[in-house]
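S.K.: Once you've had a glance at the structure underneath, I'll fire off some questions.
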Amino acid sequence: MAFKDIVEITIEAGKGGDGSPSLLRLKFMPKGGPDGGPGGNGGSVILEAIDDVSSLSRLVSRSNYKARGGTTGMGRTRAGAHGEDYIIKVPIGTVATDLKTREIVADLTEVGQKVIVAQGGLGGRGNTSFATSRRKTPRFAEKGTSGQKRRLRLELKLIADVGLVGYPNAGKSSLLAALSNAKPQIASYPFTTLSPNLGIIDLHHKRLTMADIPGIIEDAHKGKGLGLEFLRHISRNSLLLYILDIAEEPADNFKALRNELKEYSEDLLAKSAIIVLNKTDLATKIEVDEVVKELIPFGLPVIAVSAEEKDNLDELKKLLFDLLPERSYKKAEQAPRLVKLRPMTVRKDEETGAWVVTGDEIEAIVSRFDSGHVEAVDYLQHFFRSMGLNKILKRAGAKDGEDVYVGDAVFEYFDTEKNIS
C-alpha cells in the first residue's frame with residue numbers, strides 16, 4: 001500500500017446513558033422511595049502512539065470511528081455500564097488537528113502516549129441524587145450528554161531517529177539499504193524516492209530507525225518539488241545525516257542544504273548532525289582527504305563512506321549510536337473529566353418580549369432534564385437561583401410571568417426574593 005502521511009477522519013464519542021427515575025417497589029413496600037441509578041459514561045475516542053515505522057495507510061480504508069455509548073441506569077441504584085473507549089493506534093509522530101477550529105488537539109511524540117480527542121458524554125444522575133428533605137420521592141432523572149464529535153486531520157511527521165538529508169541521486173537510498181534491513185527503490189536518476197523509506201539499524205542489542213525521505217531541491221522551503229513534505233518529516237528526526245556526493249561539489253551542496261533547512265525552520269540547524277561523504281569508491285584517497293578537509297570547518301563530524309562498497313559503514317554505525325539522544329517512553333495517561341461553568345449572557349428579545357439566556361454549559365445542563373416534568377422544572381429553578389440567574393434577570397428588568405428561554409426549554413420568571421423579609 002502506498003505511503004500515506006495525511007488522512008482525514010470523523011470521530012464521535014459515545015453518548016452518556018440516562019439516569020433512572022425508578023421507584024422502589026417491593027411486595028411489602030408498594031410505595032418505596034427513589035432507587036434509580038446513574039447512567040454510564042460514554043466511551044471516548046483516543047489516539048495512541050505506537051512504536052511503528054509504518055504510515056497512516058491502514059486508516060485510509062475507513063473514515064468514521066465511533067465509541068460506544070453508556071447504558072441507562074437501573075433500579076436499586078444500579079449504575080449503567082460505561083461505554084468502551086475506541087482507541088485508534090497511530091504511528092509515533094502523528095499530529096491531529098480539528099478541521100473546524102484549526103486547533104491542534106494531539107501531538108503524539110512519545111511511545112505509549114494517549115490523548116483523548118473526542119470526550120465521551122457524561123452519564124445522567126438517577127433520581128436518588130435529587131432526593132431532599134423537601135423532595136423525598138423525585139420522579140425525574142438526568143439525561144446523559146452527547147459525546148463529542150469532530151472531523152480530524154491526521155498528519156504524520158516521522159519520528160525516525162535518524163533522517164537522511166541530501167539532494168536527489170546523492171546515494172541516500174543506497175546508504176539506507178547498506179546500513180539497515182530496508183529495501184528501497186534504487187536507480188541512477190533523480191527523485192527515485194517518492195515516499196519515505198524506513199529501515200532498522202541494530203548494533204550490540206541497540207536499535208534505531210532511519211528515514212530516507214524524498215530529496216531536496218532548490219527552494220524546497222517554498223514548496224517546490226517535494227520540499228515541504230520532506231522538510232515536515234525531518235523536523236522530527238533526532239539526528240540528521242547530510243549525504244553528499246563526493247563528485248558533486250560537496251561543500252557548496254552542504255551550504256545549500258543548510259540554507260533550505262534554515263529557511264524552513266532555524267530549529268533544524270540546532271539538531272545533532274553528521275556529514276557523510278558518499279561514493280568514495282569513485283575517487284582516490286588523496287581526493288577524499290582533500291574534500292574532508294574542506295568540510296571540517298563546518299563544525300560537524302565528517303565521515304567518508306562508500307555505500308556501494310560498504311566501506312567504513314561499521315564506523316558510521318558506531319558514530320550514529322554515540323550521537324543519538326535516548327528516545328523517551330511515556331506511560332499512557334488520560335485527561336480527567338472536568339465540568340466547569342462558563343459565563344452566560346442574558347438579553348431580551350424585542351419582538352417577543354421574552355428573555356433569552358445563552359451559554360454552552362447552562363444550555364447543556366437544561367437539555368439533560370425533561371422541561372415538561374414539574375419536578376424537573378422545580379429542580380432547575382433551584383439551580384438557576386444557586387448560580388445567580390434570577391438576580392441577573394431581575395437586574396436586567398425581568399417581570400413576573402415573563403418567559404425565559406434556555407436552549408429549547410422555556411420557563412416563567414418569578415421574583416423569588418421579593419417576599420423574603
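In the C-alpha cells, each chain is lettered A, B, ... as it comes, each chain's residues begin at 1, and ligands are numbered from 1 in order of appearance.
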Show me, as a PDB file with N, CA and C atoms, in the first residue's frame, the residues that have an atom within 10 Å of A:Ser371 when counting only C-alpha atoms, minus same-chain residues fewer than 3 positions from it.

M.R.:
ATOM      1  N   VAL A 366     -29.549  22.275  31.099  1.00  0.00           N
ATOM      2  CA  VAL A 366     -31.008  22.276  30.928  1.00  0.00           C
ATOM      3  C   VAL A 366     -31.458  21.165  29.987  1.00  0.00           C
ATOM      4  N   SER A 367     -30.657  20.898  28.951  1.00  0.00           N
ATOM      5  CA  SER A 367     -31.027  19.865  27.979  1.00  0.00           C
ATOM      6  C   SER A 367     -31.055  18.470  28.593  1.00  0.00           C
ATOM      7  N   ARG A 368     -30.488  18.314  29.782  1.00  0.00           N
ATOM      8  CA  ARG A 368     -30.421  16.999  30.415  1.00  0.00           C
ATOM      9  C   ARG A 368     -31.666  16.675  31.231  1.00  0.00           C
ATOM     10  N   VAL A 374     -42.868  18.529  35.986  1.00  0.00           N
ATOM     11  CA  VAL A 374     -42.997  19.563  37.016  1.00  0.00           C
ATOM     12  C   VAL A 374     -41.850  19.505  38.015  1.00  0.00           C
ATOM     13  N   GLU A 375     -41.524  18.305  38.473  1.00  0.00           N
ATOM     14  CA  GLU A 375     -40.464  18.188  39.474  1.00  0.00           C
ATOM     15  C   GLU A 375     -39.101  18.555  38.895  1.00  0.00           C
ATOM     16  N   ALA A 376     -38.865  18.207  37.619  1.00  0.00           N
ATOM     17  CA  ALA A 376     -37.602  18.553  36.984  1.00  0.00           C
ATOM     18  C   ALA A 376     -37.475  20.068  36.850  1.00  0.00           C
ATOM     19  N   VAL A 377     -38.561  20.728  36.483  1.00  0.00           N
ATOM     20  CA  VAL A 377     -38.548  22.191  36.362  1.00  0.00           C
ATOM     21  C   VAL A 377     -38.302  22.828  37.722  1.00  0.00           C
ATOM     22  N   ASP A 378     -38.908  22.281  38.766  1.00  0.00           N
ATOM     23  CA  ASP A 378     -38.692  22.806  40.121  1.00  0.00           C
ATOM     24  C   ASP A 378     -37.211  22.696  40.497  1.00  0.00           C
ATOM     25  N   LEU A 380     -34.670  22.648  38.414  1.00  0.00           N
ATOM     26  CA  LEU A 380     -33.914  23.611  37.617  1.00  0.00           C
ATOM     27  C   LEU A 380     -34.070  25.034  38.152  1.00  0.00           C
ATOM     28  N   ASP A 408     -33.702  25.028  24.123  1.00  0.00           N
ATOM     29  CA  ASP A 408     -35.035  24.740  23.581  1.00  0.00           C
ATOM     30  C   ASP A 408     -36.110  24.761  24.662  1.00  0.00           C
ATOM     31  N   ALA A 409     -35.717  24.986  25.911  1.00  0.00           N
ATOM     32  CA  ALA A 409     -36.688  24.961  27.019  1.00  0.00           C
ATOM     33  C   ALA A 409     -37.143  26.379  27.356  1.00  0.00           C
ATOM     34  N   VAL A 410     -38.391  26.490  27.852  1.00  0.00           N
ATOM     35  CA  VAL A 410     -38.931  27.792  28.239  1.00  0.00           C
ATOM     36  C   VAL A 410     -39.460  27.700  29.670  1.00  0.00           C
ATOM     37  N   PHE A 411     -39.160  28.723  30.462  1.00  0.00           N
ATOM     38  CA  PHE A 411     -39.586  28.785  31.860  1.00  0.00           C
ATOM     39  C   PHE A 411     -40.260  30.132  32.099  1.00  0.00           C
TER      40      PHE A 411
END

S.K.: Give me the residues near A:Ala160 as a PyMOL selection string, where near means some atom within 6 Å (using only C-alpha atoms) and where sequence neighbours in that chain fewer than 4 positions away do not count.

M.R.: chain A and resi 209-211+237

S.K.: Could you write out the selected residues, including C-alpha atoms, as a compact mmCIF listing (two decimals), in the first residue's frame?

M.R.:
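Printed below is again-v3.txt as written:
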# COMPACT_ATOMS: atom_id res chain seq x y z
CA THR A 209 15.18 3.82 12.88
CA MET A 210 16.47 5.67 9.83
CA ALA A 211 14.34 7.50 7.27
CA ASN A 237 14.30 13.44 13.45

S.K.: Write out as a list of chain:residue names which residues come within 8 Å of A:Ala118 when counting only C-alpha atoms, dropping same-chain ones fewer than 4 positions away.

M.R.: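 Everything that qualifies: A:Ile11, A:Glu12, A:Ala13, A:Ser44, A:Val45, A:Ile46, A:Gly147, A:Gln148, A:Lys149, A:Arg150.
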
S.K.: If we count only C-alpha atoms, what is near A:Asp51 at a cut-off of 9 Å, once residues fewer than 4 positions away on the same chain are taken out, given as a short mmCIF file (atom, residue, chain, number, x, y, z; two decimals) with N, CA and C atoms, in the first residue's frame?

M.R.:
data_model
loop_
_atom_site.label_atom_id
_atom_site.label_comp_id
_atom_site.auth_asym_id
_atom_site.auth_seq_id
_atom_site.Cartn_x
_atom_site.Cartn_y
_atom_site.Cartn_z
N VAL A 90 -1.91 4.94 16.12
CA VAL A 90 -1.27 5.69 15.03
C VAL A 90 0.24 5.69 15.26
N PRO A 91 1.01 5.88 14.20
CA PRO A 91 2.48 5.92 14.38
C PRO A 91 2.91 7.09 15.24
N ILE A 92 3.96 6.88 16.01
CA ILE A 92 4.54 7.97 16.77
C ILE A 92 4.91 9.09 15.79
N GLU A 110 5.67 10.53 21.90
CA GLU A 110 6.30 9.52 22.75
C GLU A 110 5.53 8.21 22.68
N VAL A 111 6.23 7.13 22.69
CA VAL A 111 5.61 5.81 22.61
C VAL A 111 4.69 5.59 23.82
N GLY A 112 3.49 5.10 23.56
CA GLY A 112 2.54 4.84 24.64
C GLY A 112 1.68 6.03 25.01
#

S.K.: Could you tell me which of A:Leu23, A:Ile9, A:Asp18, A:Leu257 comes closest to A:Ser63 if we count only C-alpha atoms?

M.R.: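 The shortest atom-to-atom distance to A:Ser63 comes from A:Ile9.
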
S.K.: Dump as a tab-separated table the rows for residues of stretch 62-179 of chain A within 8 Å of stretch 31-38 of chain A: closest atom pair and distance in Å with one decimal, only C-alpha atoms counted, ordered by chain and rising residue number.

M.R.:
residue	atom	partner	partner_atom	distance
A:Thr72	CA	A:Pro38	CA	7.2
A:Gly73	CA	A:Pro38	CA	4.6
A:Met74	CA	A:Gly37	CA	5.2
A:Gly75	CA	A:Gly36	CA	4.6
A:Arg76	CA	A:Asp35	CA	4.8
A:Thr77	CA	A:Gly37	CA	3.8
A:Arg78	CA	A:Gly37	CA	4.7
A:Ala79	CA	A:Gly37	CA	4.8
A:Gly80	CA	A:Pro38	CA	6.2
A:Gly123	CA	A:Pro38	CA	6.4
A:Gly124	CA	A:Pro38	CA	5.6
A:Arg125	CA	A:Pro38	CA	4.4
A:Gly126	CA	A:Pro38	CA	4.5
A:Asn127	CA	A:Gly36	CA	5.3
A:Thr128	CA	A:Pro34	CA	5.3
A:Ala131	CA	A:Pro34	CA	7.5
A:Lys136	CA	A:Gly33	CA	7.2
A:Thr137	CA	A:Gly33	CA	5.6
A:Pro138	CA	A:Pro34	CA	6.7
A:Arg139	CA	A:Pro34	CA	7.6
A:Ala141	CA	A:Gly36	CA	7.9

S.K.: Write the residues of the selection above to a file with C-alpha atoms, as an mmCIF file, in the first residue's frame.

M.R.:
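Contents of result.cif, freshly written:
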data_model
loop_
_atom_site.group_PDB
_atom_site.id
_atom_site.type_symbol
_atom_site.label_atom_id
_atom_site.label_comp_id
_atom_site.auth_asym_id
_atom_site.auth_seq_id
_atom_site.Cartn_x
_atom_site.Cartn_y
_atom_site.Cartn_z
ATOM 1 C CA THR A 72 -29.167 3.597 31.144
ATOM 2 C CA GLY A 73 -29.166 3.444 34.925
ATOM 3 C CA MET A 74 -31.354 0.854 36.643
ATOM 4 C CA GLY A 75 -33.433 0.393 39.758
ATOM 5 C CA ARG A 76 -31.930 -0.487 43.137
ATOM 6 C CA THR A 77 -29.352 2.239 42.472
ATOM 7 C CA ARG A 78 -27.578 0.110 39.880
ATOM 8 C CA ALA A 79 -25.402 2.174 37.580
ATOM 9 C CA GLY A 80 -25.408 1.751 33.816
ATOM 10 C CA GLY A 123 -23.964 9.656 32.306
ATOM 11 C CA GLY A 124 -27.086 11.216 33.819
ATOM 12 C CA ARG A 125 -27.806 11.020 37.538
ATOM 13 C CA GLY A 126 -30.591 8.786 38.772
ATOM 14 C CA ASN A 127 -33.463 10.143 40.834
ATOM 15 C CA THR A 128 -31.756 9.146 44.081
ATOM 16 C CA ALA A 131 -33.974 13.395 46.815
ATOM 17 C CA LYS A 136 -38.486 12.891 49.109
ATOM 18 C CA THR A 137 -39.699 10.968 46.056
ATOM 19 C CA PRO A 138 -38.405 12.629 42.887
ATOM 20 C CA ARG A 139 -39.846 11.025 39.776
ATOM 21 C CA ALA A 141 -33.764 11.774 36.424
#

S.K.: Neighbouring residues of A:Ala81 were defined as those with any atom within 6 Å, considering only C-alpha atoms; residues of the same chain fewer than 4 positions away were excluded. Please report them as a list in words.

M.R.: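 Listed by chain and then number, they are Gly40, Gly70 and Thr71 of chain A.
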
S.K.: Take the residues that were just selected and, keeping C-alpha atoms, output them as an mmCIF file, in the first residue's frame.

M.R.:
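Final output, result_9.cif:
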data_model
loop_
_atom_site.group_PDB
_atom_site.id
_atom_site.type_symbol
_atom_site.label_atom_id
_atom_site.label_comp_id
_atom_site.auth_asym_id
_atom_site.auth_seq_id
_atom_site.Cartn_x
_atom_site.Cartn_y
_atom_site.Cartn_z
ATOM 1 C CA GLY A 40 -22.838 5.063 32.388
ATOM 2 C CA GLY A 70 -23.092 4.287 28.168
ATOM 3 C CA THR A 71 -26.184 2.308 29.165
#

S.K.: Using only C-alpha atoms, which of the listed residues (A:Tyr379, A:Phe130, A:Trp355, A:Phe369) sits closest to A:Lys394?

M.R.: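 Nearest candidate to A:Lys394 out of A:Tyr379, A:Phe130, A:Trp355, A:Phe369: A:Trp355.
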
S.K.: Which residue is closest to A:Asp360? Choose from A:Lys262, A:Leu316, A:Thr345, A:Ile286 and count only C-alpha atoms.

M.R.: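 Closest residue, counting only C-alpha atoms: A:Thr345.
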
S.K.: Tell me which of A:Thr10, A:Asp267, A:Asn41, A:Gly171 sits closest to A:Lys100, counting only C-alpha atoms.

M.R.: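 Once distances to A:Lys100 are computed over only C-alpha atoms, the minimum belongs to A:Thr10.
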